Every structure is written in C-alpha cells, then in structure tokens.
$ cat upload30.cif   # mmCIF, C-alpha atoms
data_entry
#
loop_
_atom_site.label_atom_id
_atom_site.label_comp_id
_atom_site.auth_asym_id
_atom_site.auth_seq_id
_atom_site.Cartn_x
_atom_site.Cartn_y
_atom_site.Cartn_z
CA MET A 210 -20.84 66.73 46.66
CA THR A 211 -20.19 70.11 48.19
CA PHE A 212 -21.97 69.64 51.52
CA SER A 213 -19.72 68.94 54.43
CA THR A 214 -22.66 67.87 56.54
CA THR A 215 -26.36 68.48 56.88
CA GLU A 216 -28.26 68.95 60.10
CA THR A 217 -31.88 69.53 60.88
CA LEU A 218 -32.68 72.11 63.50
CA ILE A 219 -35.61 73.94 64.97
CA SER A 220 -35.74 77.64 64.14
CA PRO A 221 -36.95 80.21 66.69
CA THR A 222 -40.34 80.10 64.96
CA ASN A 223 -40.40 76.34 65.47
CA LYS A 224 -40.17 75.53 61.80
CA LEU A 225 -37.98 72.64 60.79
CA LEU A 226 -35.12 74.10 58.81
CA SER A 227 -32.41 72.14 57.14
CA GLN A 228 -28.99 73.53 58.00
CA HIS A 229 -26.24 72.94 55.45
CA LEU A 230 -22.53 73.34 55.98
CA PHE A 231 -20.19 74.15 53.11
CA THR A 232 -16.42 74.34 53.00
CA ARG A 233 -14.45 77.33 51.67
CA ARG A 234 -14.52 77.69 47.86
CA SER A 235 -17.29 75.11 47.52
CA ILE A 236 -20.37 75.85 45.42
CA ILE A 237 -23.85 76.01 46.97
CA PRO A 238 -26.16 73.93 44.76
CA ASN A 239 -28.48 75.85 42.44
CA ARG A 240 -32.11 74.91 42.45
CA ASN A 241 -34.80 76.87 40.68
CA ASP A 242 -37.14 76.85 43.66
CA VAL A 243 -34.73 77.39 46.52
CA LEU A 244 -33.52 80.47 48.34
CA TRP A 245 -30.69 80.13 50.84
CA ARG A 246 -30.29 82.19 53.98
CA ILE A 247 -26.69 82.67 55.11
CA LYS A 248 -26.33 81.91 58.83
CA ARG A 249 -22.52 82.15 59.00
CA GLY A 250 -19.72 82.98 56.59
CA ILE A 251 -19.54 84.84 53.30
CA VAL A 252 -20.52 83.89 49.74
CA ARG A 253 -20.30 85.62 46.41
CA THR A 254 -22.81 85.28 43.58
CA LEU A 255 -21.36 85.33 40.10
CA THR A 256 -21.83 84.78 36.42
CA TRP A 257 -19.45 84.66 33.43
CA ASN A 258 -18.83 86.58 30.24
CA GLU A 259 -18.75 84.76 26.92
CA ASP A 260 -14.95 84.73 27.20
CA GLY A 261 -15.09 83.04 30.60
CA THR A 262 -14.33 86.11 32.71
CA SER A 263 -16.07 85.93 36.08
CA ILE A 264 -18.53 88.73 36.91
CA THR A 265 -19.28 89.07 40.60
CA LEU A 266 -22.90 90.03 41.24
CA GLY A 267 -22.61 90.46 44.98
CA TYR A 268 -21.03 89.60 48.31
CA TRP A 269 -23.38 88.23 50.94
CA GLY A 270 -23.14 87.41 54.62
CA LEU A 271 -25.10 86.83 57.83
CA GLY A 272 -28.85 87.14 57.31
CA ASP A 273 -28.61 87.68 53.56
CA ILE A 274 -30.69 85.67 51.11
CA VAL A 275 -29.23 84.30 47.88
CA GLY A 276 -30.39 81.87 45.22
CA TYR A 277 -31.25 81.33 41.61
CA PRO A 278 -34.85 82.64 42.00
CA LEU A 279 -33.30 86.07 42.65
CA SER A 280 -31.50 86.09 39.33
CA LYS A 281 -32.33 85.69 35.68
CA VAL A 282 -28.64 85.76 34.93
CA THR A 283 -27.28 82.54 33.43
CA PRO A 284 -24.91 80.98 34.37
CA TYR A 285 -25.38 81.73 38.07
CA GLN A 286 -23.23 80.39 40.86
CA ILE A 287 -23.03 80.82 44.65
CA GLU A 288 -19.46 80.34 45.83
CA CYS A 289 -18.39 80.13 49.46
CA LEU A 290 -15.53 82.53 50.25
CA THR A 291 -15.28 81.12 53.77
CA SER A 292 -16.82 78.08 55.38
CA VAL A 293 -20.54 78.73 55.35
CA GLU A 294 -23.68 77.66 57.18
CA ALA A 295 -26.92 78.19 55.29
CA THR A 296 -30.55 77.15 55.54
CA ILE A 297 -33.01 76.57 52.73
CA ILE A 298 -36.07 78.84 52.61
CA PRO A 299 -38.86 77.02 50.77
CA PRO A 300 -41.08 79.14 48.47
CA HIS A 301 -44.08 79.20 50.84
CA LEU A 302 -41.94 81.03 53.44
CA TRP A 303 -40.47 83.66 51.10
CA HIS A 304 -43.15 86.22 51.98
CA GLU A 305 -41.91 86.17 55.59
CA ASP A 306 -38.56 87.50 54.43
CA ILE A 307 -39.53 90.80 52.84
CA LYS A 308 -36.87 92.63 54.85
CA ALA A 309 -34.09 90.37 53.59
CA LEU A 310 -35.35 90.73 50.01
CA LEU A 311 -35.40 94.53 50.33
CA TYR A 312 -31.92 94.40 51.79
CA HIS A 313 -30.75 92.28 48.84
CA ILE A 314 -32.07 94.90 46.41
CA GLN A 315 -30.50 97.75 48.40
CA GLN A 316 -27.11 96.08 48.34
CA ALA A 317 -27.30 95.26 44.63
CA GLU A 318 -28.07 98.91 43.88
CA GLU A 319 -25.33 100.13 46.18
CA LEU A 320 -22.79 97.91 44.40
CA LEU A 321 -24.12 99.10 41.04
CA SER A 322 -23.58 102.72 42.05
CA ILE A 323 -20.04 101.94 43.26
CA LEU A 324 -19.29 100.36 39.88
CA HIS A 325 -20.08 103.69 38.22
CA ARG A 326 -17.53 105.69 40.23
CA LYS A 327 -14.60 107.23 38.42
CA PRO A 328 -11.63 107.18 38.45
CA THR A 329 -10.93 103.51 39.24
CA SER A 330 -9.04 104.48 42.42
CA LEU A 331 -12.27 106.04 43.82
CA LYS A 332 -14.25 102.97 42.73
CA LEU A 333 -11.79 100.66 44.53
CA TRP A 334 -11.73 102.85 47.64
CA GLN A 335 -15.53 102.97 47.87
CA PHE A 336 -15.70 99.22 47.38
CA LEU A 337 -13.23 98.69 50.24
CA VAL A 338 -15.26 101.02 52.49
CA TRP A 339 -18.43 99.09 51.53
CA LEU A 340 -16.72 95.75 52.27
CA GLY A 341 -15.47 97.16 55.56
CA GLU A 342 -18.93 98.34 56.58
CA LYS A 343 -20.56 95.05 55.65
CA PHE A 344 -17.99 92.48 56.71
CA GLY A 345 -15.26 94.31 58.63
CA ARG A 346 -14.60 94.94 62.27
CA ASP A 347 -13.13 97.87 64.13
CA LEU A 348 -9.55 97.77 65.34
CA GLU A 349 -7.82 100.46 67.31
CA HIS A 350 -6.43 102.09 64.20
CA GLY A 351 -8.96 101.31 61.50
CA ARG A 352 -11.37 98.83 60.02
CA LEU A 353 -10.20 95.27 59.34
CA ILE A 354 -11.33 93.44 56.20
CA ASP A 355 -10.31 89.82 56.67
CA LEU A 356 -12.09 88.00 53.85
CA ASN A 357 -9.17 86.21 52.24
CA ILE A 358 -10.15 88.13 49.10
CA THR A 359 -7.66 88.14 46.21
CA HIS A 360 -6.83 90.99 43.83
CA GLN A 361 -8.43 88.87 41.12
CA ASP A 362 -11.64 88.62 43.21
CA ILE A 363 -11.74 92.41 43.57
CA SER A 364 -11.15 92.97 39.86
CA GLU A 365 -14.12 90.70 39.08
CA VAL A 366 -16.42 92.91 41.13
CA LEU A 367 -15.14 96.22 39.81
CA ASN A 368 -14.88 95.38 36.13
CA THR A 369 -11.19 96.16 36.03
CA THR A 370 -7.96 94.12 35.79
CA ARG A 371 -6.06 92.32 38.52
CA VAL A 372 -2.98 94.37 37.62
CA THR A 373 -4.86 97.63 38.22
CA VAL A 374 -6.13 96.43 41.60
CA THR A 375 -2.62 95.42 42.65
CA ARG A 376 -1.17 98.77 41.55
CA LEU A 377 -3.88 100.82 43.30
CA LEU A 378 -3.69 98.85 46.57
CA GLN A 379 0.06 99.45 46.56
CA LYS A 380 -0.60 103.18 46.03
CA PHE A 381 -3.16 103.23 48.88
CA GLU A 382 -0.59 101.55 51.13
CA GLU A 383 2.12 104.07 50.21
CA GLU A 384 -0.32 106.90 50.92
CA GLY A 385 -1.12 105.43 54.34
CA LYS A 386 -4.78 104.83 53.48
CA ILE A 387 -4.52 101.10 54.13
CA LEU A 388 -2.33 98.58 55.91
CA ARG A 389 -1.95 95.08 54.51
CA HIS A 390 -1.02 91.75 56.02
CA LYS A 391 -1.25 88.76 53.70
CA ARG A 392 -4.78 89.06 52.32
CA SER A 393 -6.13 91.18 55.18
CA ILE A 394 -6.64 94.88 54.63
CA VAL A 395 -7.00 97.51 57.36
CA LEU A 396 -8.71 100.70 56.19
CA ASN A 397 -7.18 103.69 57.89
CA LEU A 398 -10.54 105.20 58.83
CA PRO A 399 -11.47 106.80 62.11
CA THR A 400 -13.00 103.99 64.19
CA LYS A 401 -16.44 104.41 65.72
CA PHE A 402 -14.77 105.05 69.06
CA THR A 403 -12.61 107.77 67.56
CA ARG A 404 -15.57 109.29 65.77
CA ILE A 405 -17.47 109.61 69.04
CA GLU A 406 -14.46 111.32 70.55
CA TYR A 407 -14.43 113.80 67.67
CA LYS A 408 -18.04 114.71 68.42
CA ASN A 409 -17.38 115.64 72.04
CA MET B 33 -45.93 119.57 42.39
CA THR B 34 -45.28 116.73 40.01
CA PHE B 35 -48.69 115.04 40.09
CA SER B 36 -50.90 115.77 37.14
CA THR B 37 -53.88 114.34 38.91
CA THR B 38 -54.74 111.81 41.57
CA GLU B 39 -57.62 109.36 41.43
CA THR B 40 -58.82 106.74 43.82
CA LEU B 41 -59.82 103.41 42.36
CA ILE B 42 -60.77 99.95 43.43
CA SER B 43 -58.21 97.28 42.62
CA PRO B 44 -59.22 93.78 41.49
CA THR B 45 -58.67 92.65 45.08
CA ASN B 46 -61.10 95.36 46.24
CA LYS B 47 -58.42 97.35 48.01
CA LEU B 48 -58.57 101.10 47.74
CA LEU B 49 -55.51 102.16 45.79
CA SER B 50 -54.51 105.69 45.06
CA GLN B 51 -53.69 106.12 41.37
CA HIS B 52 -51.25 108.90 40.52
CA LEU B 53 -50.57 110.36 37.11
CA PHE B 54 -47.23 111.93 36.26
CA THR B 55 -46.13 113.82 33.18
CA ARG B 56 -43.00 113.00 31.15
CA ARG B 57 -39.70 113.98 32.86
CA SER B 58 -41.47 114.63 36.17
CA ILE B 59 -40.12 113.17 39.40
CA ILE B 60 -42.13 110.69 41.45
CA PRO B 61 -41.98 111.85 45.09
CA ASN B 62 -39.65 109.93 47.39
CA ARG B 63 -41.04 108.73 50.65
CA ASN B 64 -39.22 106.41 53.01
CA ASP B 65 -42.23 104.18 53.55
CA VAL B 66 -43.69 104.04 50.06
CA LEU B 67 -43.26 101.66 47.16
CA TRP B 68 -44.79 102.55 43.80
CA ARG B 69 -46.17 100.08 41.31
CA ILE B 70 -45.97 101.20 37.69
CA LYS B 71 -49.31 100.71 35.93
CA ARG B 72 -48.41 102.47 32.66
CA GLY B 73 -45.32 104.13 31.20
CA ILE B 74 -41.62 103.91 31.95
CA VAL B 75 -39.44 105.34 34.72
CA ARG B 76 -35.76 105.26 35.52
CA THR B 77 -34.25 105.18 38.98
CA LEU B 78 -31.03 107.11 39.40
CA THR B 79 -28.43 108.54 41.70
CA TRP B 80 -25.49 110.93 41.17
CA ASN B 81 -21.74 110.87 41.50
CA GLU B 82 -19.98 113.47 43.63
CA ASP B 83 -19.28 115.40 40.41
CA GLY B 84 -22.98 115.49 39.50
CA THR B 85 -22.88 112.76 36.84
CA SER B 86 -26.15 110.81 36.75
CA ILE B 87 -25.94 107.07 37.41
CA THR B 88 -28.96 105.12 36.18
CA LEU B 89 -29.85 102.24 38.52
CA GLY B 90 -32.63 100.77 36.38
CA TYR B 91 -35.41 101.15 33.83
CA TRP B 92 -38.85 100.07 34.99
CA GLY B 93 -42.23 99.57 33.38
CA LEU B 94 -45.63 97.89 33.68
CA GLY B 95 -45.95 95.84 36.88
CA ASP B 96 -42.53 96.83 38.24
CA ILE B 97 -42.10 98.15 41.77
CA VAL B 98 -39.85 101.09 42.56
CA GLY B 99 -39.25 103.30 45.56
CA TYR B 100 -36.78 104.49 48.14
CA PRO B 101 -37.27 101.45 50.44
CA LEU B 102 -35.62 99.36 47.67
CA SER B 103 -32.46 101.45 47.75
CA LYS B 104 -29.90 102.56 50.27
CA VAL B 105 -28.35 104.73 47.59
CA THR B 106 -28.50 108.47 48.31
CA PRO B 107 -29.52 110.62 46.47
CA TYR B 108 -32.26 108.51 44.87
CA GLN B 109 -34.71 109.70 42.27
CA ILE B 110 -37.51 108.16 40.21
CA GLU B 111 -37.85 110.01 36.91
CA CYS B 112 -40.68 109.48 34.41
CA LEU B 113 -39.36 108.85 30.88
CA THR B 114 -42.91 108.88 29.54
CA SER B 115 -46.20 109.88 31.10
CA VAL B 116 -46.74 107.43 33.94
CA GLU B 117 -49.56 105.99 36.01
CA ALA B 118 -48.52 104.51 39.34
CA THR B 119 -50.14 103.33 42.54
CA ILE B 120 -48.78 103.45 46.07
CA ILE B 121 -48.22 100.12 47.82
CA PRO B 122 -48.36 100.69 51.57
CA PRO B 123 -45.91 98.66 53.74
CA HIS B 124 -48.53 96.22 55.04
CA LEU B 125 -49.17 95.04 51.46
CA TRP B 126 -45.52 94.58 50.43
CA HIS B 127 -45.54 90.88 51.32
CA GLU B 128 -48.22 90.33 48.65
CA ASP B 129 -45.76 91.45 46.01
CA ILE B 130 -42.97 88.92 46.40
CA LYS B 131 -42.98 88.22 42.66
CA ALA B 132 -42.47 91.87 41.77
CA LEU B 133 -39.68 92.15 44.34
CA LEU B 134 -37.96 89.06 42.93
CA TYR B 135 -38.38 90.49 39.44
CA HIS B 136 -36.80 93.75 40.59
CA ILE B 137 -33.76 91.87 41.89
CA GLN B 138 -33.50 89.78 38.72
CA GLN B 139 -33.50 92.88 36.55
CA ALA B 140 -30.97 94.70 38.73
CA GLU B 141 -28.61 91.71 38.44
CA GLU B 142 -29.18 91.41 34.71
CA LEU B 143 -28.28 95.07 34.23
CA LEU B 144 -25.24 94.62 36.48
CA SER B 145 -24.02 91.73 34.32
CA ILE B 146 -24.56 93.78 31.13
CA LEU B 147 -22.46 96.57 32.65
CA HIS B 148 -19.54 94.13 32.90
CA ARG B 149 -19.51 93.23 29.19
CA LYS B 150 -16.50 94.20 27.13
CA PRO B 151 -15.86 95.78 24.73
CA THR B 152 -18.26 98.72 25.05
CA SER B 153 -19.86 97.87 21.68
CA LEU B 154 -20.97 94.49 23.12
CA LYS B 155 -22.19 96.20 26.30
CA LEU B 156 -24.27 98.67 24.26
CA TRP B 157 -25.64 95.92 22.01
CA GLN B 158 -26.68 93.76 24.96
CA PHE B 159 -28.30 96.76 26.63
CA LEU B 160 -30.31 97.48 23.46
CA VAL B 161 -31.41 93.82 23.27
CA TRP B 162 -32.42 94.00 26.96
CA LEU B 163 -34.36 97.25 26.38
CA GLY B 164 -35.99 95.66 23.34
CA GLU B 165 -37.04 92.57 25.29
CA LYS B 166 -38.42 94.60 28.18
CA PHE B 167 -40.00 97.59 26.47
CA GLY B 168 -39.94 96.94 22.73
CA ARG B 169 -42.42 95.53 20.29
CA ASP B 170 -42.03 93.36 17.22
CA LEU B 171 -42.19 94.89 13.79
CA GLU B 172 -41.97 93.02 10.51
CA HIS B 173 -38.23 93.56 10.27
CA GLY B 174 -37.05 93.80 13.86
CA ARG B 175 -37.78 94.96 17.36
CA LEU B 176 -38.81 98.59 17.93
CA ILE B 177 -37.48 100.51 20.95
CA ASP B 178 -39.51 103.69 21.13
CA LEU B 179 -38.59 105.16 24.52
CA ASN B 180 -37.51 108.65 23.50
CA ILE B 181 -34.18 107.71 25.10
CA THR B 182 -31.20 110.00 24.42
CA HIS B 183 -27.57 109.04 23.88
CA GLN B 184 -26.86 110.78 27.16
CA ASP B 185 -29.48 108.57 28.88
CA ILE B 186 -27.81 105.45 27.50
CA SER B 187 -24.34 106.61 28.55
CA GLU B 188 -25.63 107.08 32.12
CA VAL B 189 -26.68 103.43 32.28
CA LEU B 190 -23.56 102.00 30.70
CA ASN B 191 -20.96 104.07 32.50
CA THR B 192 -19.55 105.42 29.27
CA THR B 193 -19.64 108.78 27.44
CA ARG B 194 -22.36 110.26 25.24
CA VAL B 195 -19.81 110.57 22.43
CA THR B 196 -19.03 106.83 22.58
CA VAL B 197 -22.74 105.93 22.47
CA THR B 198 -23.27 108.20 19.44
CA ARG B 199 -20.26 106.73 17.63
CA LEU B 200 -21.26 103.11 18.32
CA LEU B 201 -24.91 103.62 17.33
CA GLN B 202 -23.68 105.12 14.06
CA LYS B 203 -21.45 102.07 13.56
CA PHE B 204 -24.38 99.69 14.31
CA GLU B 205 -26.46 101.58 11.73
CA GLU B 206 -23.74 101.34 9.09
CA GLU B 207 -23.42 97.63 9.79
CA GLY B 208 -27.17 97.17 9.38
CA LYS B 209 -27.67 96.03 12.97
CA ILE B 210 -30.10 98.83 13.74
CA LEU B 211 -32.34 101.34 11.98
CA ARG B 212 -32.95 104.74 13.53
CA HIS B 213 -35.69 107.31 13.18
CA LYS B 214 -35.43 110.31 15.49
CA ARG B 215 -35.03 108.69 18.92
CA SER B 216 -36.56 105.34 17.96
CA ILE B 217 -34.29 102.38 17.34
CA VAL B 218 -35.21 99.21 15.46
CA LEU B 219 -33.02 96.24 16.32
CA ASN B 220 -32.43 94.12 13.26
CA LEU B 221 -33.18 90.85 15.06
CA PRO B 222 -35.23 87.98 13.77
CA THR B 223 -38.74 88.60 15.08
CA LYS B 224 -40.47 85.89 17.10
CA PHE B 225 -42.45 85.02 13.99
CA THR B 226 -39.29 84.68 11.95
CA ARG B 227 -37.60 82.65 14.64
CA ILE B 228 -40.44 80.13 14.58
CA GLU B 229 -40.01 79.90 10.82
CA TYR B 230 -36.31 79.17 11.26
CA LYS B 231 -37.13 76.27 13.52
CA ASN B 232 -39.36 74.56 10.95
#
$ encode --input "upload30.cif" --output "structure tokens"
Amino acid sequence: MTFSTTETLISPTNKLLSQHLFTRRSIIPNRNDVLWRIKRGIVRTLTWNEDGTSITLGYWGLGDIVGYPLSKVTPYQIECLTSVEATIIPPHLWHEDIKALLYHIQQAEELLSILHRKPTSLKLWQFLVWLGEKFGRDLEHGRLIDLNITHQDISEVLNTTRVTVTRLLQKFEEEGKILRHKRSIVLNLPTKFTRIEYKN
Amino acid sequence: MTFSTTETLISPTNKLLSQHLFTRRSIIPNRNDVLWRIKRGIVRTLTWNEDGTSITLGYWGLGDIVGYPLSKVTPYQIECLTSVEATIIPPHLWHEDIKALLYHIQQAEELLSILHRKPTSLKLWQFLVWLGEKFGRDLEHGRLIDLNITHQDISEVLNTTRVTVTRLLQKFEEEGKILRHKRSIVLNLPTKFTRIEYKN
C-alpha cells in the first residue's frame, strides 16, 4: 500500500474531503472515477513506450488536478517526486474546478510547445525556466529548482537521452547559466527584485 | 474579417447561441474570454517557434472545445483546416462542458505521448492511426483520412521535417501500409467489420 496515512478533514467549503499522504517515489492509486488535487508536494504523470521507456506527461504541484479521467493514455501512472498530500475530488464536484482543469490544459500545451523547441539546448533551457517558474523560488542570485530531479527524469520529459541532458547541463554550468549543488539547480536569471530595480 | 456569416440559433437547451461559419484556412478570432465549440469541420491550434516554425498543439473536430483560455502559449492561433461551424461558449456556461474539457486534456496527452515515440516512422504511423480514429471513416479496405492535410502540416505536429514525412509516407505506401490519392490517405487496417470477423 502506498498511503502513509489517511485523514479526513473539513474543507473551507465544509465538504468532507479525504486527505491522503504519500511518501516520495510512491504511486498514487489510479481509479477511473477519481481526480486528485495536490495540496502539497510534486508529482509527475507518466506513461511508457512499447520498449519500456518512460514518457513524462507532466509535472504537477500545489492546486493542480491529476488523475486517470484526464488521460486516455494507457498505461498511466502518478508518481510522487516528493512527499505529497492530496485529496480526492469525486465526480459530482468536478464542475467546481473549472479553473484547475483549464490550468491543467494550459500547462500540458505549454510543455508540448517546449518539446518542439530546437536545438535540444534551447528545449532544455526553456524546460528549466518553466520548472523554475512553476516550482522554484527566488534566491539572491537566481531561481532555485530543488526538486531532486535526475538527469534521467529530465530526459523522459524532453524526449532526449540522459547523456545529452548531462552534457548540456555541464555546458550551461561552464557558461555560467546555472549553478548546481547535488540535484539542485540555480538558474542564473535576474530575480524579481533585480528586475524591479532594472525598471527604475 | 474571417467570418463568412453569423447566425443566431436556439440550442437544444434553449440557450441562444451564436453560430459562426468560417472558410477553409481562415483564422478563428482569439478572445481571452471565449471558448469555441466545433459543430462541423476541423481546426488545428498552433503556436510558433522564435524562428517562425509552426508548432501544432492539436487537431480538433465535432464537439471539441478550443480557445485561448485553454492555452497559456503565446502566440496562439486557431486555424480552420476545412470549412467550420462553431459556437461561442461564454464563461458562465463553461462548467456545463466538463466532459469536453476532460476530452481536450485526454487528447492533448495522447498527442504528447505520440510525440515521444521512436523511431520517427513509428511516431508517424501512430499519428496516422490517431487521425484515422478521430477523423477518419471506414472503407471496405481500410480507414480513410480525408483532411486535405499536407506533409508540412504533419511535420509541424510531429516535430520533424517535411522531407522526412514525405520519405516515410512513400515507404509506408511501398510496404502496402497505406494507399494515397492526392492528399487522402487510406490506412490499411482491418476495418471494424473485419475485426469482428476475426473474432468469430
């Protein structure tokens, strides 16, 4: 069983929602009639090629909705990249979550457009910027991406090889575009603070 | 102006819906607050790379919902591949269309997973099967795709070159996998009728 624990809580709208806790790298159970709302942590949705290669369909975090009803792709899996808290949204409440559904579509299309970028170095850079915007936080000298994401993970999003990701990240580091510490990446972008300074 | 004509009609639920007609290759106007429901014909949604290369985000037909609110991708365009009839869905009615929104997500993810297939010949074949399932019709000896789709159009979905698409389609024809007549393609698949026969 992948649940660490299950709690029942009262949502702000006074509906009883079942809160589930999952540990890192565990799989959120697939059910045909269930959407999950992420309350904390990060998951990826994925499928596989015939040869067993993982294909990442998306990265999702706070407020995002995931679940088999959003996908016709088989197999379909929701994997926790961090420890995760999620609540089940039963079908009769889906219509209350139009915004989250729209946001899901927007992100899927954004990722699709990043996948089309060429050369691969641009594709990787735009993916890192996207990750940074979605999951990162500003430091004094850039944007921190601290997802414990591996080069293999990145290659499975970008339809390239682990070796290429490793080589390009090394190149970015040599060029001063990124700093790395273990699996954390800091994008050498002007921070919001710096950007405001530029405006004045 | 891209509209051919505009009519007002009464929907089955007695709501006044504005019906718009568009000619082939015309652009459906983008508005931040408007979703379009396709009532007849086929459109593609697309964006561009920095170098001006088109990136196709999806192909959409009868019952599908498209529109800028579904995408954060800029630029964003809805292009008619055939003549098209579409109605505007105003924001206060979006929650009635959960099924169409889910279907939009499902298709986006399906296309994303096709994009990851390797080699390119498999990617192209799976895209043709997907097009056939969505837009085709059964003939005695296969599934007809009659979308007036060019090799360039296909290359813009699959993130490959027009030359590669042309070469692979030629190979498929030589191998007897497809038949071609002008821009129509017949996939040499067992038809539904034939498949039922196989089962017995």
$ atom_distance --input "upload30.cif" --atom1 "atom CA of A:Ile236" --atom2 "atom CA of A:Ser292"
10.8 Å
$ residues_near_point --input "upload30.cif" --point "(-15.7, 99.1, 53.9)" --cutoff "12 Å" --atoms "only C-alpha atoms" --output "VMD selection string"
chain A and resid 320 323 332 to 347 351 to 356 387 394 to 398 400
$ write_last_selection --input "upload30.cif" --atoms "C-alpha atoms" --output "short mmCIF file (atom, residue, chain, number, x, y, z; two decimals), keeping the file's coordinate frame"
data_model
loop_
_atom_site.label_atom_id
_atom_site.label_comp_id
_atom_site.auth_asym_id
_atom_site.auth_seq_id
_atom_site.Cartn_x
_atom_site.Cartn_y
_atom_site.Cartn_z
CA LEU A 320 -22.79 97.91 44.40
CA ILE A 323 -20.04 101.94 43.26
CA LYS A 332 -14.25 102.97 42.73
CA LEU A 333 -11.79 100.66 44.53
CA TRP A 334 -11.73 102.85 47.64
CA GLN A 335 -15.53 102.97 47.87
CA PHE A 336 -15.70 99.22 47.38
CA LEU A 337 -13.23 98.69 50.24
CA VAL A 338 -15.26 101.02 52.49
CA TRP A 339 -18.43 99.09 51.53
CA LEU A 340 -16.72 95.75 52.27
CA GLY A 341 -15.47 97.16 55.56
CA GLU A 342 -18.93 98.34 56.58
CA LYS A 343 -20.56 95.05 55.65
CA PHE A 344 -17.99 92.48 56.71
CA GLY A 345 -15.26 94.31 58.63
CA ARG A 346 -14.60 94.94 62.27
CA ASP A 347 -13.13 97.87 64.13
CA GLY A 351 -8.96 101.31 61.50
CA ARG A 352 -11.37 98.83 60.02
CA LEU A 353 -10.20 95.27 59.34
CA ILE A 354 -11.33 93.44 56.20
CA ASP A 355 -10.31 89.82 56.67
CA LEU A 356 -12.09 88.00 53.85
CA ILE A 387 -4.52 101.10 54.13
CA ILE A 394 -6.64 94.88 54.63
CA VAL A 395 -7.00 97.51 57.36
CA LEU A 396 -8.71 100.70 56.19
CA ASN A 397 -7.18 103.69 57.89
CA LEU A 398 -10.54 105.20 58.83
CA THR A 400 -13.00 103.99 64.19
#
$ residues_around --input "upload30.cif" --residues "stretch 260-270 of chain A" --least-positions-apart "2" --cutoff "8 Å" --atoms "all atoms listed in the file" --output "list in words"
Ile247, Lys248, Arg249, Gly250, Ile251, Val252, Arg253, Thr254, Leu255, Thr256, Trp257, Asn258, Gly272, Asp273, Ile274, Val275, Gln316, Ala317, Leu320, Phe344, Glu365, Val366 and Asn368 of chain A; Glu141, Leu144, Ser145 and His148 of chain B
$ resolve_selection --input "upload30.cif" --expression "the PyMOL selection byres ((chain B) within 6 of (chain A))" --output "PyMOL selection string"
chain B and resi 102-105+127+134+137-138+142+148+191
$ atom_distance --input "upload30.cif" --atom1 "atom CA of B:Ser50" --atom2 "atom CA of B:Thr119"
5.6 Å
$ decode --input "upload30.cif" --residues "stretch 333-382 of chain A" --atoms "C-alpha atoms" --output "tab-separated table (two decimals), in the first residue's frame"
chain	number	residue	atom	x	y	z
A	333	LEU	CA	16.33	22.04	-22.03
A	334	TRP	CA	16.80	25.70	-21.12
A	335	GLN	CA	13.12	26.52	-21.64
A	336	PHE	CA	12.15	23.47	-19.61
A	337	LEU	CA	14.37	24.62	-16.74
A	338	VAL	CA	12.85	28.12	-16.89
A	339	TRP	CA	9.36	26.55	-16.87
A	340	LEU	CA	10.27	24.34	-13.89
A	341	GLY	CA	11.73	27.37	-12.14
A	342	GLU	CA	8.59	29.43	-12.70
A	343	LYS	CA	6.31	26.65	-11.53
A	344	PHE	CA	8.22	25.09	-8.67
A	345	GLY	CA	11.24	27.30	-7.98
A	346	ARG	CA	11.94	30.08	-5.56
A	347	ASP	CA	13.98	33.25	-5.83
A	348	LEU	CA	17.42	33.44	-4.27
A	349	GLU	CA	19.65	36.46	-4.26
A	350	HIS	CA	21.44	35.38	-7.41
A	351	GLY	CA	18.86	33.39	-9.33
A	352	ARG	CA	16.00	30.94	-9.23
A	353	LEU	CA	16.37	27.72	-7.24
A	354	ILE	CA	14.94	24.46	-8.58
A	355	ASP	CA	15.12	21.97	-5.73
A	356	LEU	CA	13.06	19.03	-6.95
A	357	ASN	CA	15.54	16.21	-6.52
A	358	ILE	CA	15.08	15.67	-10.26
A	359	THR	CA	17.58	13.38	-12.02
A	360	HIS	CA	19.06	13.76	-15.50
A	361	GLN	CA	17.10	10.64	-16.41
A	362	ASP	CA	13.86	12.33	-15.22
A	363	ILE	CA	14.59	15.36	-17.41
A	364	SER	CA	15.38	13.21	-20.44
A	365	GLU	CA	11.99	11.48	-20.04
A	366	VAL	CA	10.19	14.81	-20.32
A	367	LEU	CA	12.21	16.16	-23.23
A	368	ASN	CA	12.35	13.05	-25.39
A	369	THR	CA	16.12	13.00	-25.37
A	370	THR	CA	18.83	10.87	-23.71
A	371	ARG	CA	20.23	11.08	-20.20
A	372	VAL	CA	23.70	11.53	-21.69
A	373	THR	CA	22.57	14.59	-23.65
A	374	VAL	CA	20.99	16.15	-20.56
A	375	THR	CA	24.17	15.58	-18.55
A	376	ARG	CA	26.35	17.08	-21.30
A	377	LEU	CA	24.11	20.15	-21.76
A	378	LEU	CA	23.79	20.86	-18.02
A	379	GLN	CA	27.59	20.73	-17.80
A	380	LYS	CA	27.77	23.20	-20.72
A	381	PHE	CA	25.22	25.52	-19.04
A	382	GLU	CA	27.31	25.41	-15.86
